[in-house]
$ cat upload.txt   # compact mmCIF, C-alpha atoms
# COMPACT_ATOMS: atom_id res chain seq x y z
CA MET H 1 145.15 94.63 107.20
CA SER H 2 144.05 97.71 105.26
CA LYS H 3 144.99 101.26 106.08
CA ILE H 4 141.88 103.24 107.07
CA LEU H 5 141.49 106.98 106.47
CA TYR H 6 138.69 109.24 107.69
CA VAL H 7 138.04 112.57 105.99
CA VAL H 8 135.36 114.98 107.23
CA ASP H 9 134.64 118.15 105.24
CA ASP H 10 132.24 120.83 106.37
CA ASN H 11 131.39 123.56 103.86
CA LYS H 12 134.88 123.38 102.36
CA ASN H 13 135.53 122.72 98.69
CA LYS H 14 138.65 120.62 98.43
CA ASN H 15 140.57 118.49 95.97
CA TYR H 16 142.25 115.25 96.96
CA LYS H 17 144.85 113.09 95.29
CA TYR H 18 145.76 109.63 96.54
CA ASN H 19 148.48 107.32 95.29
CA ILE H 20 147.45 103.92 96.56
CA GLU H 21 150.42 101.67 97.29
CA GLU H 22 148.85 99.50 99.98
CA ASP H 23 145.29 98.28 100.59
CA THR H 24 143.32 101.29 101.77
CA ILE H 25 139.80 102.09 102.97
CA ILE H 26 138.78 105.74 102.80
CA TYR H 27 135.66 107.09 104.52
CA HIS H 28 134.88 110.57 103.24
CA PHE H 29 132.09 112.45 105.03
CA SER H 30 131.10 115.71 103.45
CA ILE H 31 128.66 118.40 104.52
CA ASN H 32 127.52 120.79 101.80
CA SER H 33 130.78 120.79 99.85
CA SER H 34 132.13 120.19 96.36
CA HIS H 35 135.12 117.94 95.85
CA SER H 36 137.36 116.50 93.24
CA VAL H 37 139.12 113.25 94.10
CA LEU H 38 141.77 111.49 92.04
CA ILE H 39 142.87 108.03 93.05
CA ASP H 40 145.73 106.22 91.33
CA LEU H 41 146.17 102.53 92.05
CA VAL H 42 149.91 102.39 91.48
CA SER H 43 151.03 99.10 93.02
CA GLU H 44 150.22 95.67 91.61
CA GLY H 45 147.46 93.83 93.48
CA VAL H 46 146.51 96.82 95.60
CA SER H 47 142.90 97.65 96.54
CA VAL H 48 140.96 100.73 97.51
CA TRP H 49 137.50 100.94 99.04
CA TYR H 50 136.20 104.49 98.85
CA TYR H 51 133.05 105.43 100.77
CA TYR H 52 131.76 108.93 100.10
CA TYR H 53 128.84 110.23 102.17
CA ASN H 54 127.41 113.64 101.44
CA ILE H 55 124.73 115.84 103.00
CA ASN H 56 123.85 118.59 100.55
CA TYR H 57 122.07 121.93 101.09
CA SER H 58 123.15 123.98 98.06
CA ASP H 59 124.43 123.36 94.50
CA ASN H 60 127.44 121.04 94.70
CA GLU H 61 129.42 118.62 92.59
CA PHE H 62 131.47 115.61 93.53
CA SER H 63 133.87 114.27 90.98
CA ILE H 64 135.93 111.15 91.58
CA SER H 65 138.30 109.44 89.20
CA ILE H 66 139.91 106.07 89.92
CA ARG H 67 142.72 105.00 87.66
CA HIS H 68 143.93 101.44 87.61
CA LEU H 69 147.59 101.92 86.71
CA SER H 70 148.61 98.40 87.74
CA SER H 71 147.45 94.84 87.17
CA ASN H 72 145.34 92.90 89.68
CA SER H 73 144.27 96.16 91.28
CA HIS H 74 140.82 96.42 92.80
CA SER H 75 138.54 99.41 93.42
CA GLU H 76 135.15 99.55 95.08
CA VAL H 77 133.56 102.98 95.18
CA PHE H 78 130.35 103.81 97.07
CA ASN H 79 128.95 107.31 96.73
CA HIS H 80 125.87 108.15 98.78
CA GLY H 81 124.42 111.63 98.80
CA VAL H 82 121.37 113.14 100.50
CA ASN H 83 120.06 116.20 98.69
CA VAL H 84 118.06 117.90 101.44
CA PHE H 85 116.40 120.83 99.65
CA SER H 86 115.69 121.68 96.01
CA ASN H 87 119.30 122.20 94.97
CA LYS H 88 121.55 120.53 92.43
CA LEU H 89 123.81 117.69 93.44
CA LYS H 90 125.95 116.05 90.80
CA PHE H 91 128.20 112.98 91.04
CA ILE H 92 130.67 112.35 88.23
CA VAL H 93 132.27 108.97 88.82
CA SER H 94 134.94 107.70 86.43
CA SER H 95 136.79 104.42 86.65
CA THR H 96 139.62 103.85 84.21
CA VAL H 97 141.48 100.64 83.45
CA LEU H 98 144.49 101.03 81.17
CA SER H 99 145.27 98.55 78.40
CA ASP H 100 148.28 97.13 80.21
CA SER H 101 146.48 96.70 83.55
CA TYR H 102 145.28 93.09 83.60
CA SER H 103 142.83 91.21 85.87
CA CYS H 104 141.48 94.30 87.55
CA ILE H 105 138.22 94.56 89.48
CA CYS H 106 136.52 97.92 89.37
CA ASN H 107 133.02 98.56 90.68
CA GLN H 108 130.97 101.62 91.56
CA ASP H 109 127.68 102.08 93.40
CA ASN H 110 126.17 105.57 93.30
CA GLN H 111 123.00 106.71 95.02
CA ILE H 112 121.41 110.07 95.74
CA ILE H 113 118.33 110.43 97.94
CA ASN H 114 116.25 113.52 97.25
CA MET H 115 114.49 114.50 100.46
CA GLN H 116 112.46 117.10 98.53
CA ASP H 117 112.51 117.91 94.83
CA GLY H 118 116.26 118.35 94.36
CA LYS H 119 117.81 118.18 90.91
CA SER H 120 120.32 115.37 91.24
CA THR H 121 122.52 113.88 88.55
CA ILE H 122 124.83 110.90 88.47
CA VAL H 123 127.30 110.32 85.64
CA PRO H 124 128.83 106.86 86.06
CA ASN H 125 131.70 106.30 83.62
CA LEU H 126 133.67 103.15 83.03
CA PHE H 127 136.64 103.64 80.72
CA ILE H 128 137.91 100.11 80.25
CA ASP H 129 140.72 99.45 77.80
CA ASN H 130 141.41 95.83 78.71
CA TYR H 131 139.24 92.72 78.15
CA ASP H 132 140.38 91.00 81.33
CA VAL H 133 138.40 93.12 83.79
CA ASP H 134 135.53 92.51 86.21
CA SER H 135 133.56 95.72 86.35
CA SER H 136 130.11 97.10 87.20
CA HIS H 137 128.35 100.32 87.98
CA ALA H 138 124.98 101.24 89.47
CA ALA H 139 123.16 104.51 89.92
CA TYR H 140 119.97 105.38 91.80
CA ILE H 141 118.32 108.74 92.31
CA GLY H 142 115.06 108.91 94.23
CA LYS H 143 113.41 108.85 97.63
CA PHE H 144 113.68 106.33 100.43
CA LEU H 145 111.38 103.46 99.55
CA ASP H 146 107.85 103.48 100.99
CA GLU H 147 108.25 99.75 101.62
CA ASP H 148 111.26 100.41 103.90
CA LEU H 149 109.36 103.07 105.84
CA PHE H 150 106.35 100.78 106.16
CA TYR H 151 108.47 97.95 107.53
CA LEU H 152 110.13 100.15 110.14
CA MET H 153 106.85 101.77 111.14
CA SER H 154 105.15 98.37 111.43
CA ARG H 155 107.49 97.78 114.35
CA GLY H 156 106.24 100.89 116.16
CA ILE H 157 108.86 103.32 114.89
CA LYS H 158 107.53 106.85 114.22
CA LEU H 159 107.99 108.27 110.70
CA ASP H 160 110.65 110.81 111.68
CA VAL H 161 112.61 108.21 113.65
CA ALA H 162 112.31 105.79 110.71
CA TYR H 163 113.79 108.45 108.43
CA ARG H 164 116.61 109.00 110.92
CA LEU H 165 117.40 105.26 110.95
CA LEU H 166 117.43 105.14 107.16
CA LEU H 167 119.62 108.24 106.93
CA ARG H 168 122.13 106.85 109.42
CA GLY H 169 122.28 103.60 107.48
CA PHE H 170 122.49 105.29 104.08
CA LEU H 171 125.16 107.72 105.25
CA GLY H 172 127.39 104.98 106.60
CA ILE H 173 127.29 105.74 110.31
CA ASN H 174 127.12 102.06 111.23
CA GLN H 175 130.34 101.38 109.34
CA VAL H 176 132.43 103.56 111.60
CA SER H 177 133.60 101.84 114.77
CA ASP H 178 134.36 105.08 116.61
CA GLU H 179 131.54 107.57 116.09
CA SER H 180 133.53 110.36 117.79
CA LEU H 181 135.63 110.55 114.60
CA ILE H 182 132.64 111.81 112.69
CA SER H 183 130.61 113.45 115.47
CA LYS H 184 130.08 116.63 113.44
CA PHE H 185 128.60 114.63 110.57
CA ILE H 186 126.33 112.67 112.91
CA LEU H 187 125.04 115.91 114.41
CA GLU H 188 124.29 117.11 110.90
CA ILE H 189 122.12 114.06 110.24
CA GLU H 190 120.01 114.97 113.26
CA LYS H 191 119.25 118.33 111.61
CA ILE H 192 117.89 116.88 108.36
CA MET A 1 90.09 92.05 121.00
CA PHE A 2 89.95 92.55 117.24
CA GLU A 3 86.99 93.05 115.02
CA ILE A 4 86.82 93.64 111.31
CA CYS A 5 83.35 94.88 110.44
CA HIS A 6 82.11 94.80 106.84
CA VAL A 7 85.37 96.13 105.46
CA PHE A 8 85.71 97.04 101.80
CA ALA A 9 89.25 97.90 100.71
CA LYS A 10 90.79 98.75 97.39
CA VAL A 11 94.17 99.50 95.90
CA LYS A 12 94.83 103.23 96.29
CA ASN A 13 94.27 105.36 93.19
CA SER A 14 92.54 102.53 91.37
CA ASP A 15 89.15 100.88 91.23
CA LEU A 16 90.56 97.47 92.10
CA GLU A 17 88.56 96.31 95.10
CA ILE A 18 90.15 93.44 97.03
CA LEU A 19 88.33 93.12 100.33
CA LYS A 20 84.60 92.90 99.79
CA ASP A 21 82.46 93.09 102.89
CA PHE A 22 85.04 91.26 104.96
CA SER A 23 84.09 90.58 108.58
CA LEU A 24 85.92 88.69 111.32
CA SER A 25 85.83 88.78 115.10
CA ILE A 26 88.77 87.53 117.19
CA LYS A 27 88.58 87.28 120.97
CA PRO A 28 91.55 87.45 123.36
CA GLY A 29 93.61 84.28 123.28
CA GLU A 30 91.98 82.87 120.16
CA VAL A 31 93.90 81.45 117.23
CA HIS A 32 92.31 81.95 113.81
CA ALA A 33 93.58 80.70 110.48
CA ILE A 34 92.64 82.14 107.13
CA MET A 35 93.17 79.87 104.17
CA GLY A 36 92.49 80.39 100.53
CA PRO A 37 93.91 80.06 97.06
CA ASN A 38 96.24 82.61 95.48
CA GLY A 39 94.85 86.04 94.77
CA THR A 40 91.88 86.02 97.13
CA GLY A 41 93.13 88.93 99.23
CA LYS A 42 94.71 87.17 102.25
CA SER A 43 97.93 89.16 102.25
CA THR A 44 96.03 92.33 101.40
CA LEU A 45 93.95 91.73 104.52
CA SER A 46 97.08 91.63 106.67
CA LYS A 47 98.39 94.82 105.07
CA VAL A 48 95.07 96.61 105.45
CA ILE A 49 95.04 95.74 109.15
CA MET A 50 98.57 97.14 109.49
CA GLY A 51 97.77 100.30 107.48
CA HIS A 52 99.85 99.69 104.35
CA TYR A 53 100.18 102.78 102.14
CA ASN A 54 99.02 100.96 99.03
CA TYR A 55 95.48 100.20 100.23
CA GLU A 56 92.49 102.24 101.19
CA ILE A 57 89.48 101.23 103.28
CA THR A 58 86.37 102.49 101.52
CA ALA A 59 83.81 101.19 104.03
CA GLY A 60 83.64 99.35 107.34
CA SER A 61 85.77 99.54 110.46
CA LEU A 62 88.75 97.91 112.16
CA LEU A 63 88.24 97.77 115.91
CA PHE A 64 91.14 96.86 118.18
CA GLU A 65 90.25 96.67 121.87
CA GLY A 66 87.15 98.73 121.08
CA GLU A 67 89.04 101.50 119.30
CA ASP A 68 88.76 102.19 115.57
CA ILE A 69 92.30 101.94 114.23
CA SER A 70 91.48 102.41 110.56
CA LYS A 71 92.69 106.03 110.51
CA MET A 72 95.76 105.41 112.68
CA SER A 73 99.29 105.56 111.31
CA VAL A 74 101.21 102.30 110.93
CA ASP A 75 103.42 102.93 113.96
CA GLU A 76 100.42 103.78 116.15
CA ARG A 77 98.83 100.45 115.28
CA ALA A 78 102.07 98.68 116.16
CA LYS A 79 102.31 100.57 119.44
CA ARG A 80 98.75 99.45 120.29
CA GLY A 81 100.10 95.88 120.07
CA ILE A 82 99.50 94.70 116.50
CA PHE A 83 102.37 92.81 114.89
CA LEU A 84 102.53 91.67 111.28
CA SER A 85 105.07 88.97 110.49
CA MET A 86 105.59 89.62 106.82
CA GLN A 87 105.51 87.11 104.00
CA ASP A 88 108.73 88.40 102.47
CA PRO A 89 110.60 90.59 104.96
CA ILE A 90 112.59 93.27 103.18
CA VAL A 91 116.29 94.01 103.34
CA ILE A 92 117.32 97.44 104.61
CA GLU A 93 120.96 98.07 103.86
CA GLY A 94 122.97 100.01 106.40
CA VAL A 95 120.46 99.67 109.25
CA SER A 96 121.76 97.01 111.61
CA ASN A 97 119.43 94.49 113.20
CA SER A 98 120.46 95.60 116.66
CA GLU A 99 119.97 99.32 116.02
CA PHE A 100 116.61 98.67 114.40
CA LEU A 101 115.32 96.41 117.14
CA ARG A 102 116.60 98.57 119.97
CA THR A 103 114.93 101.61 118.39
CA ALA A 104 111.68 99.69 117.90
CA GLN A 105 111.68 98.44 121.48
CA SER A 106 112.33 101.93 122.77
CA GLU A 107 109.53 103.37 120.61
CA VAL A 108 107.00 100.72 121.61
CA THR A 109 107.74 100.80 125.34
CA GLY A 110 108.35 104.56 125.45
CA LYS A 111 111.50 103.91 127.50
CA LYS A 112 115.17 104.15 126.70
CA VAL A 113 116.56 100.65 126.30
CA ASN A 114 119.64 99.79 128.32
CA LEU A 115 122.32 98.54 125.93
CA TYR A 116 123.72 95.85 128.21
CA SER A 117 120.36 94.28 129.08
CA PHE A 118 119.29 94.57 125.44
CA ILE A 119 122.31 92.61 124.23
CA LYS A 120 121.83 89.96 126.92
CA GLU A 121 118.14 89.59 126.05
CA MET A 122 118.95 89.57 122.35
CA GLU A 123 121.57 86.85 122.64
CA LYS A 124 119.12 84.60 124.46
CA ALA A 125 116.30 85.29 122.00
CA MET A 126 118.59 84.62 119.03
CA LYS A 127 119.58 81.32 120.54
CA ASP A 128 115.89 80.46 121.05
CA VAL A 129 115.16 80.94 117.35
CA SER A 130 118.47 79.37 116.25
CA LEU A 131 119.93 82.51 114.70
CA ASP A 132 123.64 83.13 114.85
CA SER A 133 124.43 86.07 117.15
CA SER A 134 126.66 87.63 114.48
CA MET A 135 123.46 88.49 112.61
CA LEU A 136 122.74 91.07 115.28
CA HIS A 137 125.28 93.42 113.75
CA ARG A 138 124.44 92.77 110.11
CA SER A 139 122.14 95.00 108.08
CA LEU A 140 118.48 94.19 108.53
CA ASN A 141 117.80 90.89 106.75
CA GLN A 142 120.80 91.39 104.44
CA GLY A 143 122.28 88.07 103.35
CA PHE A 144 119.63 86.18 105.35
CA SER A 145 118.13 83.05 103.85
CA GLY A 146 114.33 82.85 103.55
CA GLY A 147 114.20 80.83 106.77
CA GLU A 148 116.47 83.24 108.64
CA LYS A 149 114.28 86.16 107.62
CA LYS A 150 111.24 84.42 109.08
CA LYS A 151 113.13 83.63 112.27
CA ASN A 152 114.13 87.28 112.46
CA GLU A 153 110.44 88.23 112.31
CA ILE A 154 109.74 85.98 115.27
CA LEU A 155 112.73 87.40 117.11
CA GLN A 156 111.21 90.87 116.70
CA LEU A 157 107.89 89.56 117.94
CA LYS A 158 109.52 88.26 121.12
CA PHE A 159 111.01 91.69 121.76
CA LEU A 160 108.02 93.85 120.96
CA LYS A 161 105.52 91.69 122.89
CA PRO A 162 102.39 92.30 120.81
CA LYS A 163 98.81 91.48 121.82
CA PHE A 164 97.63 90.57 118.34
CA ILE A 165 99.90 88.74 115.91
CA ILE A 166 99.34 88.24 112.20
CA LEU A 167 101.50 85.62 110.52
CA ASP A 168 101.39 86.13 106.77
CA GLU A 169 102.49 82.86 105.17
CA LEU A 170 105.02 82.15 107.85
CA ASP A 171 105.59 78.68 106.42
CA SER A 172 106.71 79.86 102.98
CA GLY A 173 110.46 79.52 102.63
CA LEU A 174 110.83 77.50 105.82
CA ASP A 175 112.14 73.96 105.95
CA VAL A 176 110.51 71.49 108.34
CA ASP A 177 113.06 71.99 111.13
CA SER A 178 112.91 75.77 110.91
CA LEU A 179 109.10 75.71 110.85
CA ARG A 180 109.15 73.60 114.01
CA ILE A 181 111.53 76.03 115.77
CA VAL A 182 109.56 79.09 114.74
CA CYS A 183 106.20 77.57 115.74
CA SER A 184 107.60 76.37 119.04
CA ASN A 185 108.70 79.95 119.81
CA ILE A 186 105.24 81.25 118.94
CA ASN A 187 103.57 78.60 121.10
CA ASP A 188 105.89 79.51 123.99
CA TYR A 189 104.98 83.15 123.55
CA LEU A 190 101.27 82.32 123.55
CA SER A 191 101.57 80.20 126.69
CA VAL A 192 103.32 83.06 128.54
CA ASN A 193 100.87 85.61 127.10
CA PRO A 194 97.58 83.69 127.00
CA ASN A 195 95.48 86.73 126.03
CA THR A 196 97.45 87.24 122.84
CA SER A 197 95.44 86.51 119.72
CA LEU A 198 96.82 85.06 116.55
CA LEU A 199 95.74 85.28 112.93
CA ILE A 200 97.52 82.81 110.66
CA ILE A 201 97.34 83.40 106.93
CA THR A 202 98.37 80.36 104.95
CA HIS A 203 97.84 78.30 101.83
CA TYR A 204 98.72 75.02 103.47
CA PRO A 205 97.53 73.21 106.59
CA ARG A 206 101.12 72.20 107.45
CA ILE A 207 101.65 75.07 109.90
CA LEU A 208 98.38 74.20 111.66
CA GLN A 209 99.94 70.91 112.81
CA TYR A 210 102.22 72.99 115.02
CA ILE A 211 99.95 75.88 116.01
CA LYS A 212 96.45 74.65 116.69
CA PRO A 213 93.74 76.99 115.43
CA ASP A 214 90.41 77.51 117.19
CA TYR A 215 88.81 78.55 113.91
CA VAL A 216 89.67 78.06 110.26
CA HIS A 217 88.18 80.42 107.67
CA VAL A 218 88.22 79.97 103.94
CA MET A 219 88.63 83.25 102.10
CA ILE A 220 87.58 83.48 98.49
CA ASP A 221 87.20 86.62 96.40
CA GLY A 222 87.83 89.07 99.21
CA CYS A 223 85.62 87.69 101.96
CA VAL A 224 85.15 84.70 104.27
CA LYS A 225 83.04 82.07 102.54
CA LYS A 226 83.25 79.29 105.11
CA THR A 227 84.26 78.91 108.75
CA GLY A 228 84.98 75.74 110.64
CA ASP A 229 87.46 74.14 113.00
CA LYS A 230 90.76 72.44 112.22
CA SER A 231 88.96 69.70 110.31
CA LEU A 232 88.18 72.27 107.61
CA ALA A 233 91.91 72.63 106.99
CA LEU A 234 92.19 68.87 106.66
CA GLU A 235 89.35 68.87 104.14
CA ILE A 236 91.23 71.46 102.11
CA GLU A 237 94.34 69.32 102.21
CA LYS A 238 92.35 66.34 101.01
CA ASP A 239 90.12 67.94 98.36
CA GLY A 240 91.91 71.20 97.58
CA TYR A 241 90.20 74.53 97.28
CA SER A 242 88.18 73.27 94.35
CA GLY A 243 86.50 70.84 96.73
CA ILE A 244 85.62 73.73 99.04
CA ASN A 245 84.34 75.73 96.07
CA THR A 246 82.01 72.89 95.23
CA MET A 247 80.92 72.70 98.86
CA ILE A 248 80.30 76.44 98.94
CA GLY A 249 78.41 76.19 95.71
CA ILE A 250 76.09 73.63 97.27
CA ASP A 251 75.87 74.84 100.86
CA VAL A 252 76.77 78.46 101.15
CA CYS A 253 76.52 80.37 97.91
CA GLU A 254 73.82 83.00 97.90

$ encode --input "upload.txt" --output "structure tokens"
Amino acid sequence: MSKILYVVDDNKNKNYKYNIEEDTIIYHFSINSSHSVLIDLVSEGVSVWYYYYNINYSDNEFSISIRHLSSNSHSEVFNHGVNVFSNKLKFIVSSTVLSDSYSCICNQDNQIINMQDGKSTIVPNLFIDNYDVDSSHAAYIGKFLDEDLFYLMSRGIKLDVAYRLLLRGFLGINQVSDESLISKFILEIEKI
Amino acid sequence: MFEICHVFAKVKNSDLEILKDFSLSIKPGEVHAIMGPNGTGKSTLSKVIMGHYNYEITAGSLLFEGEDISKMSVDERAKRGIFLSMQDPIVIEGVSNSEFLRTAQSEVTGKKVNLYSFIKEMEKAMKDVSLDSSMLHRSLNQGFSGGEKKKNEILQLKFLKPKFIILDELDSGLDVDSLRIVCSNINDYLSVNPNTSLLIITHYPRILQYIKPDYVHVMIDGCVKKTGDKSLALEIEKDGYSGINTMIGIDVCE
């Protein structure tokens, strides 16, 4: 059973540091904020699943660094941002595996949806110093796909409601069993 | 019920014309099948009817229950009662099947859907189409096999209760057992809703063994070149489309 943490930030720039000693899932919901996150996987065989969801209205940067300091450690990082206006949103995502950390798994999936003509950037870094590693990264910046909107609308769903469904899905609402934990974030989605 | 009158349609922002003077009239309760080789515009036809963003009607009209729908948005067409079961239903990550379907039902009926009755109805419908109920909470079509995706389309159909159904290559990706289940659900729907019309788009006559068409049309190069009954489908199975081409060359070609 993994430990689950919920973090909700609203217009606050904060730095976080986690030492992961047991399997942990972190849901980080952020409204219009910049953050720096450092995660150290310190215990052998430990895993972290980090879900970062961001709604952005001004120029912001999210920087996350995951360091595999132990063997058989596992990190899965999902960063999803929605850049609402024409501002800058930057993700810098760095995964590091040290030379004496064997059999690690380290993956990242980064996506930013520009609702208008925002200037978004993703910098996905993998610093791997060991051959015995399973690792991948992905980055997407763009709009919601026309094909997705067409499919939803072909079932009678209005365009604005279709966008709302896609935003809720993209921003991880369906992953949270108790929506009251992130009610502020959900209200923010309604405003987009 | 549904009338396509001399429609010309092309790919948006290009000169590529796909439907060329296409006409078809479907009355309430009728089952029509459109057959044809690859690349003749069958799937484009279904997308044009549904209002797909990639295509543009340059001439002609689409009349549904006497109303021209060609300028309507996609969701308005669906709300009027048109349902397109897609050839390759897409995956939408993060949007659960249940949230999607409940939203769609609420949008189409204009009423808020009660969660308890929705789940009850959903469980029964999923059983009818042999889908595991755990799929209700999964992302839309994510991790579904080809057959499960098609069953999910039919599940949506049962919920949204359309008046005019288009099945775009329903049989592709379905094994024999799944095809039988899916067709049996469609036949049940048609028997409960006898005024519902059906347009089946297919390469193969196999599906027509399970859903009996009143008319079979052969579409070649963007328009209907020949119309007949089910025996036309059997001729295609026997002689292939080349046989029909020869027949058209002798009998029909202007």

$ residues_around --input "upload.txt" --residues "H:Leu181" --least-positions-apart "4" --cutoff "10 Å" --atoms "all atoms listed in the file" --output "MDAnalysis selection string"
chainID H and resid 6:8 176:177 185:186

$ atom_distance --input "upload.txt" --atom1 "atom CA of A:Leu232" --atom2 "atom CA of A:Pro162"
27.9 Å

$ interface_residues --input "upload.txt" --of "chain A" --to "chain H" --cutoff "7 Å" --atoms "only C-alpha atoms" --output "ChimeraX atom specification"
/A:50,52,74-76,78-79,92-95,104,107-108

$ write_last_selection --input "upload.txt" --atoms "C-alpha atoms" --output "PDB file, in the coordinates of the input"
ATOM      1  CA  MET A  50      98.570  97.140 109.490  1.00  0.00           C
ATOM      2  CA  HIS A  52      99.850  99.690 104.350  1.00  0.00           C
ATOM      3  CA  VAL A  74     101.210 102.300 110.930  1.00  0.00           C
ATOM      4  CA  ASP A  75     103.420 102.930 113.960  1.00  0.00           C
ATOM      5  CA  GLU A  76     100.420 103.780 116.150  1.00  0.00           C
ATOM      6  CA  ALA A  78     102.070  98.680 116.160  1.00  0.00           C
ATOM      7  CA  LYS A  79     102.310 100.570 119.440  1.00  0.00           C
ATOM      8  CA  ILE A  92     117.320  97.440 104.610  1.00  0.00           C
ATOM      9  CA  GLU A  93     120.960  98.070 103.860  1.00  0.00           C
ATOM     10  CA  GLY A  94     122.970 100.010 106.400  1.00  0.00           C
ATOM     11  CA  VAL A  95     120.460  99.670 109.250  1.00  0.00           C
ATOM     12  CA  ALA A 104     111.680  99.690 117.900  1.00  0.00           C
ATOM     13  CA  GLU A 107     109.530 103.370 120.610  1.00  0.00           C
ATOM     14  CA  VAL A 108     107.000 100.720 121.610  1.00  0.00           C
TER      15      VAL A 108
END

$ atom_distance --input "upload.txt" --atom1 "atom CA of A:Ile211" --atom2 "atom CA of A:Met122"
24.3 Å

$ residues_around --input "upload.txt" --residues "H:Val97" --least-positions-apart "6" --cutoff "8 Å" --atoms "all atoms listed in the file" --output "number ranges by chain"
H: 67-69, 104, 127-130

$ residues_around --input "upload.txt" --residues "A:Asp15" --least-positions-apart "6" --cutoff "12 Å" --atoms "all atoms listed in the file" --output "short mmCIF file (atom, residue, chain, number, x, y, z; two decimals) with C-alpha atoms, in the coordinates of the input"
data_model
loop_
_atom_site.label_atom_id
_atom_site.label_comp_id
_atom_site.auth_asym_id
_atom_site.auth_seq_id
_atom_site.Cartn_x
_atom_site.Cartn_y
_atom_site.Cartn_z
CA PHE A 8 85.71 97.04 101.80
CA ALA A 9 89.25 97.90 100.71
CA TYR A 55 95.48 100.20 100.23
CA GLU A 56 92.49 102.24 101.19
CA THR A 58 86.37 102.49 101.52
#

$ atom_distance --input "upload.txt" --atom1 "atom CA of H:Val42" --atom2 "atom CA of H:Thr96"
12.7 Å

$ closest_residue --input "upload.txt" --among "A:Ser117, A:Arg138, A:Ala59, A:Pro213" --to "A:Ser96" --atoms "all atoms listed in the file"
A:Arg138

$ closest_residue --input "upload.txt" --among "A:Gly81, A:Pro205, A:Gly66, A:Gly29" --to "A:Val192" --atoms "all atoms listed in the file"
A:Gly29

$ residues_around --input "upload.txt" --residues "H:Phe91" --least-positions-apart "2" --cutoff "9 Å" --atoms "only C-alpha atoms" --output "list in words"
Asn60, Glu61, Phe62, Ser63, Ile64, Asn79, Gly81, Leu89, Val93, Asn110, Ile112, Ser120, Thr121, Ile122, Val123 and Pro124 of chain H

$ residues_around --input "upload.txt" --residues "A:Arg77" --least-positions-apart "5" --cutoff "9 Å" --atoms "only C-alpha atoms" --output "list in words"
Ser154 and Gly156 of chain H; Ile49, Met50, Gly51, Phe64, Ile69, Ser70, Met72, Ile82 and Phe83 of chain A

$ closest_residue --input "upload.txt" --among "A:Ile236, A:Ile220, A:Leu24, A:Leu208" --to "A:Asn38" --atoms "all atoms listed in the file"
A:Ile220

$ closest_residue --input "upload.txt" --among "H:Lys88, H:His35, H:Lys3, H:Lys191" --to "H:Tyr16" --atoms "all atoms listed in the file"
H:His35

$ decode --input "upload.txt" --residues "stretch 113-131 of chain A" --atoms "C-alpha atoms" --output "mmCIF file, in the first residue's frame"
data_model
loop_
_atom_site.group_PDB
_atom_site.id
_atom_site.type_symbol
_atom_site.label_atom_id
_atom_site.label_comp_id
_atom_site.auth_asym_id
_atom_site.auth_seq_id
_atom_site.Cartn_x
_atom_site.Cartn_y
_atom_site.Cartn_z
ATOM 1 C CA VAL A 113 -29.091 12.054 -15.064
ATOM 2 C CA ASN A 114 -29.645 10.371 -11.718
ATOM 3 C CA LEU A 115 -26.416 8.601 -10.734
ATOM 4 C CA TYR A 116 -28.054 5.548 -9.175
ATOM 5 C CA SER A 117 -30.393 4.821 -12.095
ATOM 6 C CA PHE A 118 -27.558 5.533 -14.534
ATOM 7 C CA ILE A 119 -25.303 2.947 -12.919
ATOM 8 C CA LYS A 120 -28.110 0.371 -12.813
ATOM 9 C CA GLU A 121 -28.942 0.973 -16.481
ATOM 10 C CA MET A 122 -25.264 0.916 -17.385
ATOM 11 C CA GLU A 123 -24.584 -2.383 -15.641
ATOM 12 C CA LYS A 124 -27.433 -4.033 -17.532
ATOM 13 C CA ALA A 125 -26.390 -2.552 -20.872
ATOM 14 C CA MET A 126 -22.778 -3.631 -20.336
ATOM 15 C CA LYS A 127 -23.929 -7.144 -19.628
ATOM 16 C CA ASP A 128 -26.039 -7.085 -22.817
ATOM 17 C CA VAL A 129 -22.992 -6.270 -24.936
ATOM 18 C CA SER A 130 -20.687 -8.557 -22.919
ATOM 19 C CA LEU A 131 -18.451 -5.814 -21.567
#
